[in-house]
>>> print(open('final-v1.pdb').read())   # PDB, C-alpha atoms
ATOM      1  CA  MET H 427       0.000   0.000   0.000
ATOM      2  CA  ASN H 428       1.321   3.446  -0.952
ATOM      3  CA  LYS H 429       0.947   5.456   2.256
ATOM      4  CA  VAL H 430       0.656   9.225   1.884
ATOM      5  CA  CYS H 431       0.003  11.649   4.745
ATOM      6  CA  VAL H 432      -1.195  15.174   4.015
ATOM      7  CA  ILE H 433      -0.739  17.662   6.861
ATOM      8  CA  THR H 434      -2.066  21.215   6.904
ATOM      9  CA  GLY H 435      -0.400  23.823   9.095
ATOM     10  CA  ALA H 436       2.768  21.758   8.729
ATOM     11  CA  GLY H 437       5.079  24.742   9.165
ATOM     12  CA  GLY H 438       4.163  24.999  12.848
ATOM     13  CA  VAL H 439       5.712  23.448  15.939
ATOM     14  CA  LEU H 440       3.141  20.703  16.525
ATOM     15  CA  CYS H 441       2.315  19.770  12.937
ATOM     16  CA  SER H 442       5.956  19.642  11.876
ATOM     17  CA  SER H 443       6.496  17.064  14.614
ATOM     18  CA  PHE H 444       3.479  15.172  13.233
ATOM     19  CA  ALA H 445       5.072  15.228   9.781
ATOM     20  CA  LYS H 446       8.344  13.788  11.062
ATOM     21  CA  ALA H 447       6.530  11.080  13.020
ATOM     22  CA  MET H 448       4.411  10.009  10.059
ATOM     23  CA  ALA H 449       7.464   9.880   7.803
ATOM     24  CA  ARG H 450       9.114   7.528  10.301
ATOM     25  CA  GLU H 451       5.977   5.377  10.166
ATOM     26  CA  GLY H 452       6.550   4.847   6.452
ATOM     27  CA  TYR H 453       4.358   7.581   4.973
ATOM     28  CA  LYS H 454       5.293   9.886   2.155
ATOM     29  CA  VAL H 455       4.496  13.262   3.679
ATOM     30  CA  ALA H 456       2.965  16.351   2.070
ATOM     31  CA  LEU H 457       3.523  19.433   4.232
ATOM     32  CA  LEU H 458       0.974  22.190   3.488
ATOM     33  CA  ASP H 459       1.258  25.694   4.900
ATOM     34  CA  ARG H 460       0.585  29.281   3.873
ATOM     35  CA  ASN H 461       4.210  29.897   4.818
ATOM     36  CA  PHE H 462       5.932  27.816   2.157
ATOM     37  CA  GLU H 463       9.398  28.512   3.538
ATOM     38  CA  ALA H 464       8.466  27.069   6.931
ATOM     39  CA  ALA H 465       6.978  23.949   5.349
ATOM     40  CA  GLN H 466      10.017  23.557   3.074
ATOM     41  CA  LYS H 467      12.384  23.774   6.047
ATOM     42  CA  PHE H 468      10.732  20.806   7.730
ATOM     43  CA  ALA H 469      10.381  18.896   4.456
ATOM     44  CA  ASP H 470      14.126  19.273   3.975
ATOM     45  CA  GLU H 471      14.786  18.000   7.509
ATOM     46  CA  ILE H 472      12.624  14.937   6.853
ATOM     47  CA  ALA H 473      14.303  14.290   3.502
ATOM     48  CA  ALA H 474      17.707  14.566   5.179
ATOM     49  CA  GLU H 475      16.702  11.592   7.356
ATOM     50  CA  GLY H 476      16.086   9.556   4.211
ATOM     51  CA  TYR H 477      12.305   9.856   4.018
ATOM     52  CA  VAL H 478      10.025  11.277   1.314
ATOM     53  CA  ALA H 479       8.551  14.724   1.995
ATOM     54  CA  ARG H 480       7.319  17.569  -0.167
ATOM     55  CA  ALA H 481       6.278  21.099   0.810
ATOM     56  CA  TYR H 482       3.349  22.938  -0.770
ATOM     57  CA  ALA H 483       2.074  26.487  -0.370
ATOM     58  CA  ALA H 484      -1.604  26.257   0.505
ATOM     59  CA  ASP H 485      -4.314  28.408   2.051
ATOM     60  CA  VAL H 486      -6.811  26.083   3.754
ATOM     61  CA  LEU H 487      -9.558  28.662   3.195
ATOM     62  CA  ASP H 488      -9.149  28.603  -0.597
ATOM     63  CA  LYS H 489     -10.679  25.459  -2.057
ATOM     64  CA  ALA H 490      -9.374  26.151  -5.559
ATOM     65  CA  VAL H 491      -5.817  26.336  -4.216
ATOM     66  CA  LEU H 492      -6.348  23.126  -2.265
ATOM     67  CA  GLU H 493      -7.609  21.369  -5.377
ATOM     68  CA  ASN H 494      -4.540  22.487  -7.327
ATOM     69  CA  VAL H 495      -2.259  21.271  -4.550
ATOM     70  CA  HIS H 496      -4.205  18.007  -4.446
ATOM     71  CA  SER H 497      -3.539  17.460  -8.146
ATOM     72  CA  GLN H 498       0.165  18.100  -7.616
ATOM     73  CA  ILE H 499       0.351  15.709  -4.658
ATOM     74  CA  LEU H 500      -1.306  12.985  -6.728
ATOM     75  CA  LYS H 501       1.487  13.388  -9.288
ATOM     76  CA  ASP H 502       4.295  13.671  -6.760
ATOM     77  CA  LEU H 503       3.310  11.185  -4.067
ATOM     78  CA  GLY H 504       0.009   9.470  -4.867
ATOM     79  CA  LYS H 505      -3.379   9.326  -3.162
ATOM     80  CA  CYS H 506      -3.800  10.679   0.348
ATOM     81  CA  THR H 507      -4.360   7.886   2.887
ATOM     82  CA  VAL H 508      -4.118   9.970   6.082
ATOM     83  CA  LEU H 509      -5.184  13.600   6.396
ATOM     84  CA  ILE H 510      -4.175  15.644   9.433
ATOM     85  CA  ASN H 511      -6.101  18.917   9.644
ATOM     86  CA  GLY H 512      -3.609  20.885  11.700
ATOM     87  CA  ALA H 513      -4.075  24.424  10.398
ATOM     88  CA  GLY H 514      -5.663  26.741  12.957
ATOM     89  CA  GLY H 515      -5.004  29.494  15.433
ATOM     90  CA  ASN H 516      -6.246  32.645  17.083
ATOM     91  CA  SER H 517      -5.961  36.372  16.306
ATOM     92  CA  PRO H 518      -5.428  39.449  18.512
ATOM     93  CA  LYS H 519      -8.402  40.965  16.663
ATOM     94  CA  CYS H 520     -10.659  38.546  18.488
ATOM     95  CA  THR H 521      -9.072  38.520  21.937
ATOM     96  CA  THR H 522     -10.642  40.505  24.753
ATOM     97  CA  ALA H 523      -8.526  42.553  27.132
ATOM     98  CA  HIS H 524     -10.363  41.285  30.217
ATOM     99  CA  GLU H 525     -11.341  37.800  31.282
ATOM    100  CA  ILE H 526     -14.639  38.931  32.768
ATOM    101  CA  TYR H 527     -16.878  41.971  32.309
ATOM    102  CA  GLU H 528     -15.407  45.016  34.047
ATOM    103  CA  GLU H 529     -17.824  47.880  34.464
ATOM    104  CA  GLY H 530     -16.380  51.146  33.239
ATOM    105  CA  ASP H 531     -13.907  49.527  30.863
ATOM    106  CA  GLU H 532     -16.386  47.896  28.510
ATOM    107  CA  SER H 533     -17.191  51.197  26.786
ATOM    108  CA  ARG H 534     -13.543  52.049  26.076
ATOM    109  CA  ASP H 535     -12.342  52.179  22.486
ATOM    110  CA  ASP H 536      -8.643  51.795  23.242
ATOM    111  CA  ILE H 537      -8.927  48.172  24.366
ATOM    112  CA  SER H 538     -10.643  45.140  22.938
ATOM    113  CA  THR H 539     -13.884  44.314  24.725
ATOM    114  CA  PHE H 540     -16.716  41.910  23.996
ATOM    115  CA  PHE H 541     -18.761  44.803  22.606
ATOM    116  CA  ASN H 542     -16.188  46.009  20.092
ATOM    117  CA  LEU H 543     -14.777  42.657  18.988
ATOM    118  CA  ASP H 544     -13.846  42.897  15.335
ATOM    119  CA  LYS H 545     -16.287  40.859  13.233
ATOM    120  CA  SER H 546     -13.713  40.258  10.535
ATOM    121  CA  GLY H 547     -11.335  38.952  13.201
ATOM    122  CA  PHE H 548     -14.016  36.638  14.587
ATOM    123  CA  ASP H 549     -14.843  35.423  11.075
ATOM    124  CA  PHE H 550     -11.169  34.801  10.321
ATOM    125  CA  VAL H 551     -10.502  32.788  13.486
ATOM    126  CA  PHE H 552     -13.674  30.738  13.184
ATOM    127  CA  ASN H 553     -13.122  30.069   9.500
ATOM    128  CA  LEU H 554      -9.439  29.230   9.884
ATOM    129  CA  ASN H 555     -10.188  26.539  12.432
ATOM    130  CA  MET H 556     -13.546  25.210  11.248
ATOM    131  CA  MET H 557     -13.633  25.863   7.511
ATOM    132  CA  GLY H 558      -9.907  25.141   7.458
ATOM    133  CA  THR H 559     -10.867  21.642   8.588
ATOM    134  CA  LEU H 560     -13.893  21.241   6.324
ATOM    135  CA  LEU H 561     -12.347  22.315   3.009
ATOM    136  CA  PRO H 562      -9.208  20.128   3.074
ATOM    137  CA  THR H 563     -11.408  17.207   4.120
ATOM    138  CA  GLN H 564     -13.680  17.769   1.129
ATOM    139  CA  VAL H 565     -10.690  17.822  -1.200
ATOM    140  CA  PHE H 566      -8.521  14.983   0.138
ATOM    141  CA  SER H 567     -11.053  12.506   1.532
ATOM    142  CA  VAL H 568     -12.069  11.654  -2.044
ATOM    143  CA  ASP H 569      -8.761   9.777  -2.326
ATOM    144  CA  MET H 570      -9.707   7.516   0.586
ATOM    145  CA  LEU H 571     -13.041   6.239  -0.697
ATOM    146  CA  GLY H 572     -12.832   2.534  -1.396
ATOM    147  CA  GLU H 573      -9.334   2.255   0.071
ATOM    148  CA  GLU H 574      -8.193   0.456   3.237
ATOM    149  CA  GLY H 575      -6.473   1.832   6.321
ATOM    150  CA  CYS H 576      -7.418   5.471   5.729
ATOM    151  CA  SER H 577      -8.168   8.026   8.410
ATOM    152  CA  ILE H 578      -8.632  11.699   9.134
ATOM    153  CA  ILE H 579      -7.227  13.387  12.226
ATOM    154  CA  ASN H 580      -8.608  16.765  13.250
ATOM    155  CA  ILE H 581      -6.979  18.993  15.850
ATOM    156  CA  SER H 582      -9.358  20.170  18.537
ATOM    157  CA  SER H 583      -8.427  21.811  21.843
ATOM    158  CA  MET H 584      -9.159  22.075  25.540
ATOM    159  CA  ASN H 585     -11.288  25.051  24.475
ATOM    160  CA  ALA H 586     -13.771  22.557  23.063
ATOM    161  CA  TYR H 587     -14.427  21.160  26.548
ATOM    162  CA  ARG H 588     -14.559  24.456  28.411
ATOM    163  CA  PRO H 589     -14.128  27.817  26.701
ATOM    164  CA  LEU H 590     -11.076  29.702  27.849
ATOM    165  CA  THR H 591     -11.398  33.360  28.748
ATOM    166  CA  LYS H 592     -10.498  36.118  26.263
ATOM    167  CA  ILE H 593     -10.681  33.961  23.089
ATOM    168  CA  PRO H 594     -14.362  33.421  22.203
ATOM    169  CA  ALA H 595     -13.912  32.771  18.475
ATOM    170  CA  TYR H 596     -11.173  30.193  18.960
ATOM    171  CA  SER H 597     -13.165  28.434  21.676
ATOM    172  CA  ALA H 598     -16.301  28.335  19.543
ATOM    173  CA  ALA H 599     -14.374  27.110  16.513
ATOM    174  CA  LYS H 600     -12.634  24.267  18.323
ATOM    175  CA  SER H 601     -15.936  23.161  19.793
ATOM    176  CA  ALA H 602     -17.240  23.058  16.227
ATOM    177  CA  VAL H 603     -14.232  20.979  15.152
ATOM    178  CA  SER H 604     -14.980  18.367  17.820
ATOM    179  CA  ASN H 605     -18.631  18.226  16.807
ATOM    180  CA  PHE H 606     -17.714  18.011  13.127
ATOM    181  CA  THR H 607     -15.327  15.156  13.900
ATOM    182  CA  GLN H 608     -18.201  13.133  15.322
ATOM    183  CA  TRP H 609     -20.504  14.043  12.447
ATOM    184  CA  LEU H 610     -17.928  13.111   9.846
ATOM    185  CA  ALA H 611     -17.097   9.833  11.582
ATOM    186  CA  VAL H 612     -20.728   8.766  11.276
ATOM    187  CA  HIS H 613     -21.006  10.028   7.711
ATOM    188  CA  PHE H 614     -17.939   8.083   6.552
ATOM    189  CA  ALA H 615     -18.362   4.986   8.741
ATOM    190  CA  GLY H 616     -19.655   2.879   5.865
ATOM    191  CA  THR H 617     -16.721   3.829   3.653
ATOM    192  CA  GLY H 618     -14.054   2.580   6.048
ATOM    193  CA  ILE H 619     -12.628   6.056   6.613
ATOM    194  CA  ARG H 620     -12.097   6.617  10.323
ATOM    195  CA  VAL H 621     -12.307  10.177  11.688
ATOM    196  CA  ASN H 622     -10.934  11.158  15.085
ATOM    197  CA  ALA H 623      -9.456  14.202  16.784
ATOM    198  CA  ILE H 624      -6.698  15.064  19.215
ATOM    199  CA  ALA H 625      -7.351  17.792  21.777
ATOM    200  CA  PRO H 626      -3.997  19.117  22.973
ATOM    201  CA  GLY H 627      -3.765  20.780  26.334
ATOM    202  CA  PHE H 628      -1.229  23.564  26.695
ATOM    203  CA  PHE H 629       1.859  23.460  24.504
ATOM    204  CA  VAL H 630       4.193  26.363  23.780
ATOM    205  CA  THR H 631       4.044  27.340  20.099
ATOM    206  CA  ALA H 632       5.080  30.327  18.035
ATOM    207  CA  GLN H 633       1.480  31.569  18.121
ATOM    208  CA  ASN H 634       0.979  31.569  21.881
ATOM    209  CA  LYS H 635       4.478  32.206  23.200
ATOM    210  CA  ALA H 636       3.854  35.931  23.663
ATOM    211  CA  LEU H 637       0.752  35.176  25.749
ATOM    212  CA  LEU H 638       2.608  32.719  27.946
ATOM    213  CA  PHE H 639       5.949  34.440  28.536
ATOM    214  CA  ASN H 640       7.151  38.011  28.999
ATOM    215  CA  ASP H 641       9.992  39.409  26.918
ATOM    216  CA  ASP H 642      12.444  38.499  29.675
ATOM    217  CA  GLY H 643      11.293  34.886  29.665
ATOM    218  CA  THR H 644       9.318  35.025  32.893
ATOM    219  CA  PRO H 645       5.832  33.472  32.895
ATOM    220  CA  THR H 646       2.810  35.704  32.434
ATOM    221  CA  PRO H 647      -0.150  35.595  34.845
ATOM    222  CA  ARG H 648      -1.995  33.498  32.250
ATOM    223  CA  THR H 649       0.769  30.897  32.383
ATOM    224  CA  ASN H 650       0.472  30.743  36.152
ATOM    225  CA  LYS H 651      -3.273  30.121  35.811
ATOM    226  CA  ILE H 652      -2.729  27.413  33.219
ATOM    227  CA  LEU H 653      -0.150  25.537  35.251
ATOM    228  CA  THR H 654      -2.236  25.844  38.398
ATOM    229  CA  ALA H 655      -5.117  24.170  36.535
ATOM    230  CA  THR H 656      -2.890  21.474  35.014
ATOM    231  CA  PRO H 657      -2.253  18.689  37.550
ATOM    232  CA  MET H 658       1.083  17.792  35.944
ATOM    233  CA  LYS H 659       2.198  21.431  36.485
ATOM    234  CA  ARG H 660       3.941  21.891  33.156
ATOM    235  CA  PHE H 661       3.395  22.467  29.464
ATOM    236  CA  GLY H 662       3.306  19.540  27.082
ATOM    237  CA  GLU H 663       6.076  18.680  24.658
ATOM    238  CA  PRO H 664       5.204  18.120  20.968
ATOM    239  CA  GLU H 665       6.585  14.572  21.130
ATOM    240  CA  GLU H 666       3.967  13.733  23.769
ATOM    241  CA  LEU H 667       1.233  13.962  21.141
ATOM    242  CA  LEU H 668       2.840  11.434  18.857
ATOM    243  CA  GLY H 669       1.784   8.244  20.635
ATOM    244  CA  THR H 670      -1.858   9.256  20.289
ATOM    245  CA  LEU H 671      -1.297  10.165  16.646
ATOM    246  CA  ARG H 672       0.357   6.829  15.858
ATOM    247  CA  TRP H 673      -2.402   4.909  17.606
ATOM    248  CA  LEU H 674      -5.276   6.725  15.920
ATOM    249  CA  THR H 675      -3.746   6.386  12.456
ATOM    250  CA  ASN H 676      -2.840   2.705  12.865
ATOM    251  CA  PRO H 677      -5.590   0.690  11.119
ATOM    252  CA  LYS H 678      -4.735  -2.479  13.044
ATOM    253  CA  GLU H 679      -4.506  -1.029  16.539
ATOM    254  CA  ALA H 680      -7.351   1.486  16.143
ATOM    255  CA  GLY H 681      -9.400  -0.082  13.379
ATOM    256  CA  PHE H 682     -12.611   0.064  15.438
ATOM    257  CA  VAL H 683     -11.966   3.572  16.761
ATOM    258  CA  THR H 684     -13.823   6.435  15.118
ATOM    259  CA  GLY H 685     -15.622   9.579  16.246
ATOM    260  CA  ILE H 686     -13.592  10.248  19.392
ATOM    261  CA  VAL H 687     -11.663  13.273  20.655
ATOM    262  CA  VAL H 688      -8.618  12.347  22.732
ATOM    263  CA  PRO H 689      -7.364  14.877  25.313
ATOM    264  CA  VAL H 690      -3.586  15.060  25.728
ATOM    265  CA  ASP H 691      -3.521  17.649  28.452
ATOM    266  CA  GLY H 692      -1.634  16.714  31.598
ATOM    267  CA  GLY H 693      -4.931  16.238  33.430
ATOM    268  CA  PHE H 694      -6.371  19.692  32.675
ATOM    269  CA  SER H 695      -9.760  18.388  31.548
ATOM    270  CA  ALA H 696     -10.092  16.171  34.622
ATOM    271  CA  TYR H 697      -9.247  18.819  37.232
ATOM    272  CA  SER H 698     -12.071  20.680  38.968
ATOM    273  CA  GLY H 699      -9.764  23.152  40.661
ATOM    274  CA  VAL H 700     -10.584  21.758  44.097
TER     275      VAL H 700
END
>>> encode(input="final-v1.pdb", output="structure tokens")
Amino acid sequence: MNKVCVITGAGGVLCSSFAKAMAREGYKVALLDRNFEAAQKFADEIAAEGYVARAYAADVLDKAVLENVHSQILKDLGKCTVLINGAGGNSPKCTTAHEIYEEGDESRDDISTFFNLDKSGFDFVFNLNMMGTLLPTQVFSVDMLGEEGCSIINISSMNAYRPLTKIPAYSAAKSAVSNFTQWLAVHFAGTGIRVNAIAPGFFVTAQNKALLFNDDGTPTPRTNKILTATPMKRFGEPEELLGTLRWLTNPKEAGFVTGIVVPVDGGFSAYSGV
């Protein structure tokens, strides 16, 4: 069987580690990212280890671009057998200054409040996470129909279980991703395509580093809150997601597993705070 793994958002910290892991599992890997240079860097690292990897510039919100990339991947690597929908993220345009309503501040124009949240920012964050999962799935799942051992992995979040403060669009979008994972698992169950999701807890990435650490490297108050609510009292390492990824994409070990969202969170989702 020609095994090909397509990964969106592959220029990032977590998804680049996914790409390396899947290459080591015998997959030819297609790394998709809007930042082609970032994807190419990791593709080169994988190729230097003796595996097959190709980088592609792709906007997960542009179906025509995805279809063009799909055609190129078919020529370069073959049909997609595993799709990892890793593209996502938040935006400062849809992040509130305060965690809870603060009378007197909510009418200010110089800070971001619930009442002046930028609609375009909300649309962008929601679309990036939710539509950025839907559109690649529409394009690449066609390859899997009638094939064996195929699966789709979506990337959810702890936000899907309980919305975090300040980031309403991201929380809503990740909740939608979890729900869509279940819907899609049922829809594709008769085709043999399994659909599951991983819900990472707190990992340090390029996107959230500024929220978690000050310029001098000291933790922000938000970091202190996160670690207080995480029983293991630390952030996760990208490699700690890989066991779950390997299991979910292994058709022998997880052949009867579909429609689930697996937390990898150091106990965050289990902790009541008491």
>>> resolve_selection(input="final-v1.pdb", expression="the PyMOL selection byres ((chain H and resi 456-459) around 7)", output="PDB file with C-alpha atoms, in the frame of the given file")
ATOM      1  CA  CYS H 431       0.003  11.649   4.745  1.00  0.00           C
ATOM      2  CA  VAL H 432      -1.195  15.174   4.015  1.00  0.00           C
ATOM      3  CA  ILE H 433      -0.739  17.662   6.861  1.00  0.00           C
ATOM      4  CA  THR H 434      -2.066  21.215   6.904  1.00  0.00           C
ATOM      5  CA  GLY H 435      -0.400  23.823   9.095  1.00  0.00           C
ATOM      6  CA  ALA H 436       2.768  21.758   8.729  1.00  0.00           C
ATOM      7  CA  GLY H 437       5.079  24.742   9.165  1.00  0.00           C
ATOM      8  CA  LYS H 454       5.293   9.886   2.155  1.00  0.00           C
ATOM      9  CA  VAL H 455       4.496  13.262   3.679  1.00  0.00           C
ATOM     10  CA  ARG H 460       0.585  29.281   3.873  1.00  0.00           C
ATOM     11  CA  ASN H 461       4.210  29.897   4.818  1.00  0.00           C
ATOM     12  CA  PHE H 462       5.932  27.816   2.157  1.00  0.00           C
ATOM     13  CA  ALA H 465       6.978  23.949   5.349  1.00  0.00           C
ATOM     14  CA  ALA H 469      10.381  18.896   4.456  1.00  0.00           C
ATOM     15  CA  ALA H 479       8.551  14.724   1.995  1.00  0.00           C
ATOM     16  CA  ARG H 480       7.319  17.569  -0.167  1.00  0.00           C
ATOM     17  CA  ALA H 481       6.278  21.099   0.810  1.00  0.00           C
ATOM     18  CA  TYR H 482       3.349  22.938  -0.770  1.00  0.00           C
ATOM     19  CA  ALA H 483       2.074  26.487  -0.370  1.00  0.00           C
ATOM     20  CA  ALA H 484      -1.604  26.257   0.505  1.00  0.00           C
ATOM     21  CA  ASP H 485      -4.314  28.408   2.051  1.00  0.00           C
TER      22      ASP H 485
END
>>> resolve_selection(input="final-v1.pdb", expression="the PyMOL selection byres ((chain H and resi 686) around 9)", output="ChimeraX atom specification")
/H:604,607-608,611,621-624,683-685,687-688
>>> resolve_selection(input="final-v1.pdb", expression="the PyMOL selection byres ((chain H and resi 515) around 9)", output="list of chain:residue names")
H:Ala513, H:Gly514, H:Asn516, H:Ser517, H:Val551, H:Leu554, H:Asn555, H:Tyr596, H:Gln633
>>> write_last_selection(input="final-v1.pdb", atoms="C-alpha atoms", output="short mmCIF file (atom, residue, chain, number, x, y, z; two decimals), in the frame of the given file")
data_model
loop_
_atom_site.label_atom_id
_atom_site.label_comp_id
_atom_site.auth_asym_id
_atom_site.auth_seq_id
_atom_site.Cartn_x
_atom_site.Cartn_y
_atom_site.Cartn_z
CA ALA H 513 -4.08 24.42 10.40
CA GLY H 514 -5.66 26.74 12.96
CA ASN H 516 -6.25 32.65 17.08
CA SER H 517 -5.96 36.37 16.31
CA VAL H 551 -10.50 32.79 13.49
CA LEU H 554 -9.44 29.23 9.88
CA ASN H 555 -10.19 26.54 12.43
CA TYR H 596 -11.17 30.19 18.96
CA GLN H 633 1.48 31.57 18.12
#
>>> atom_distance(input="final-v1.pdb", atom1="atom CA of H:Gly558", atom2="atom CA of H:Val486")
4.9 Å
>>> atom_distance(input="final-v1.pdb", atom1="atom CA of H:Thr507", atom2="atom CA of H:Asp569")
7.1 Å
>>> closest_residue(input="final-v1.pdb", among="H:Tyr477, H:Phe639, H:Phe552, H:Phe614", to="H:Lys600", atoms="all atoms listed in the file")
H:Phe552
>>> atom_distance(input="final-v1.pdb", atom1="atom CA of H:Gly681", atom2="atom CA of H:Met448")
17.4 Å
>>> closest_residue(input="final-v1.pdb", among="H:Ser442, H:Thr522, H:Thr559, H:Gln498", to="H:Ile593", atoms="only C-alpha atoms")
H:Thr522
>>> closest_residue(input="final-v1.pdb", among="H:Asn511, H:Ser538, H:Ser597, H:Thr670", to="H:Thr563", atoms="all atoms listed in the file")
H:Asn511
>>> closest_residue(input="final-v1.pdb", among="H:Met584, H:Leu668, H:Val630, H:Leu503", to="H:Ala696", atoms="all atoms listed in the file")
H:Met584
>>> residues_around(input="final-v1.pdb", residues="stretch 693-695 of chain H", least_positions_apart="6", cutoff="8 Å", atoms="only C-alpha atoms", output="PyMOL selection string")
chain H and resi 584+587+627+655-658
>>> closest_residue(input="final-v1.pdb", among="H:Ser546, H:Thr591, H:Asn553, H:Thr675", to="H:Phe444", atoms="all atoms listed in the file")
H:Thr675
>>> closest_residue(input="final-v1.pdb", among="H:Ala636, H:Leu667, H:Val439, H:Ala615", to="H:Cys576", atoms="all atoms listed in the file")
H:Ala615
>>> axis_aligned_box(input="final-v1.pdb", around="stretch 566-582 of chain H", padding_each_side="5 Å", output="JSON")
{"center_x": -9.8, "center_y": 10.3, "center_z": 8.1, "size_x": 16.6, "size_y": 29.7, "size_z": 30.9}
>>> decode(input="final-v1.pdb", residues="stretch 647-663 of chain H", atoms="N, CA, C and O atoms", output="PDB file, in the first residue's frame")
ATOM      1  N   PRO H 647       0.912  36.063  33.942  1.00  0.00           N
ATOM      2  CA  PRO H 647      -0.150  35.595  34.845  1.00  0.00           C
ATOM      3  C   PRO H 647      -0.998  34.498  34.229  1.00  0.00           C
ATOM      4  O   PRO H 647      -1.471  33.592  34.926  1.00  0.00           O
ATOM      5  N   ARG H 648      -1.198  34.534  32.906  1.00  0.00           N
ATOM      6  CA  ARG H 648      -1.995  33.498  32.250  1.00  0.00           C
ATOM      7  C   ARG H 648      -1.288  32.137  32.348  1.00  0.00           C
ATOM      8  O   ARG H 648      -1.939  31.109  32.546  1.00  0.00           O
ATOM      9  N   THR H 649       0.014  32.142  32.219  1.00  0.00           N
ATOM     10  CA  THR H 649       0.769  30.897  32.383  1.00  0.00           C
ATOM     11  C   THR H 649       0.594  30.331  33.782  1.00  0.00           C
ATOM     12  O   THR H 649       0.403  29.127  33.966  1.00  0.00           O
ATOM     13  N   ASN H 650       0.656  31.205  34.773  1.00  0.00           N
ATOM     14  CA  ASN H 650       0.472  30.743  36.152  1.00  0.00           C
ATOM     15  C   ASN H 650      -0.897  30.105  36.343  1.00  0.00           C
ATOM     16  O   ASN H 650      -1.035  29.079  37.023  1.00  0.00           O
ATOM     17  N   LYS H 651      -1.930  30.701  35.723  1.00  0.00           N
ATOM     18  CA  LYS H 651      -3.273  30.121  35.811  1.00  0.00           C
ATOM     19  C   LYS H 651      -3.334  28.759  35.131  1.00  0.00           C
ATOM     20  O   LYS H 651      -3.943  27.809  35.638  1.00  0.00           O
ATOM     21  N   ILE H 652      -2.719  28.670  33.971  1.00  0.00           N
ATOM     22  CA  ILE H 652      -2.729  27.413  33.219  1.00  0.00           C
ATOM     23  C   ILE H 652      -2.064  26.302  34.016  1.00  0.00           C
ATOM     24  O   ILE H 652      -2.603  25.193  34.157  1.00  0.00           O
ATOM     25  N   LEU H 653      -0.891  26.576  34.542  1.00  0.00           N
ATOM     26  CA  LEU H 653      -0.150  25.537  35.251  1.00  0.00           C
ATOM     27  C   LEU H 653      -0.816  25.176  36.577  1.00  0.00           C
ATOM     28  O   LEU H 653      -0.748  24.019  37.011  1.00  0.00           O
ATOM     29  N   THR H 654      -1.483  26.147  37.176  1.00  0.00           N
ATOM     30  CA  THR H 654      -2.236  25.844  38.398  1.00  0.00           C
ATOM     31  C   THR H 654      -3.382  24.885  38.114  1.00  0.00           C
ATOM     32  O   THR H 654      -3.725  24.028  38.937  1.00  0.00           O
ATOM     33  N   ALA H 655      -3.973  25.008  36.915  1.00  0.00           N
ATOM     34  CA  ALA H 655      -5.117  24.170  36.535  1.00  0.00           C
ATOM     35  C   ALA H 655      -4.702  22.893  35.816  1.00  0.00           C
ATOM     36  O   ALA H 655      -5.554  22.110  35.411  1.00  0.00           O
ATOM     37  N   THR H 656      -3.406  22.685  35.653  1.00  0.00           N
ATOM     38  CA  THR H 656      -2.890  21.474  35.014  1.00  0.00           C
ATOM     39  C   THR H 656      -2.219  20.620  36.085  1.00  0.00           C
ATOM     40  O   THR H 656      -1.161  20.988  36.595  1.00  0.00           O
ATOM     41  N   PRO H 657      -2.804  19.491  36.463  1.00  0.00           N
ATOM     42  CA  PRO H 657      -2.253  18.689  37.550  1.00  0.00           C
ATOM     43  C   PRO H 657      -0.784  18.317  37.383  1.00  0.00           C
ATOM     44  O   PRO H 657      -0.061  18.207  38.373  1.00  0.00           O
ATOM     45  N   MET H 658      -0.321  18.151  36.152  1.00  0.00           N
ATOM     46  CA  MET H 658       1.083  17.792  35.944  1.00  0.00           C
ATOM     47  C   MET H 658       2.017  18.991  36.055  1.00  0.00           C
ATOM     48  O   MET H 658       3.248  18.838  35.994  1.00  0.00           O
ATOM     49  N   LYS H 659       1.450  20.207  36.174  1.00  0.00           N
ATOM     50  CA  LYS H 659       2.198  21.431  36.485  1.00  0.00           C
ATOM     51  C   LYS H 659       3.273  21.792  35.465  1.00  0.00           C
ATOM     52  O   LYS H 659       4.316  22.341  35.812  1.00  0.00           O
ATOM     53  N   ARG H 660       2.995  21.502  34.208  1.00  0.00           N
ATOM     54  CA  ARG H 660       3.941  21.891  33.156  1.00  0.00           C
ATOM     55  C   ARG H 660       3.225  21.938  31.820  1.00  0.00           C
ATOM     56  O   ARG H 660       2.095  21.468  31.689  1.00  0.00           O
ATOM     57  N   PHE H 661       3.897  22.503  30.828  1.00  0.00           N
ATOM     58  CA  PHE H 661       3.395  22.467  29.464  1.00  0.00           C
ATOM     59  C   PHE H 661       3.764  21.132  28.824  1.00  0.00           C
ATOM     60  O   PHE H 661       4.718  20.469  29.229  1.00  0.00           O
ATOM     61  N   GLY H 662       2.986  20.753  27.809  1.00  0.00           N
ATOM     62  CA  GLY H 662       3.306  19.540  27.082  1.00  0.00           C
ATOM     63  C   GLY H 662       4.425  19.761  26.089  1.00  0.00           C
ATOM     64  O   GLY H 662       4.723  20.892  25.694  1.00  0.00           O
ATOM     65  N   GLU H 663       5.061  18.665  25.701  1.00  0.00           N
ATOM     66  CA  GLU H 663       6.076  18.680  24.658  1.00  0.00           C
ATOM     67  C   GLU H 663       5.463  18.088  23.387  1.00  0.00           C
ATOM     68  O   GLU H 663       4.674  17.139  23.468  1.00  0.00           O
TER      69      GLU H 663
END
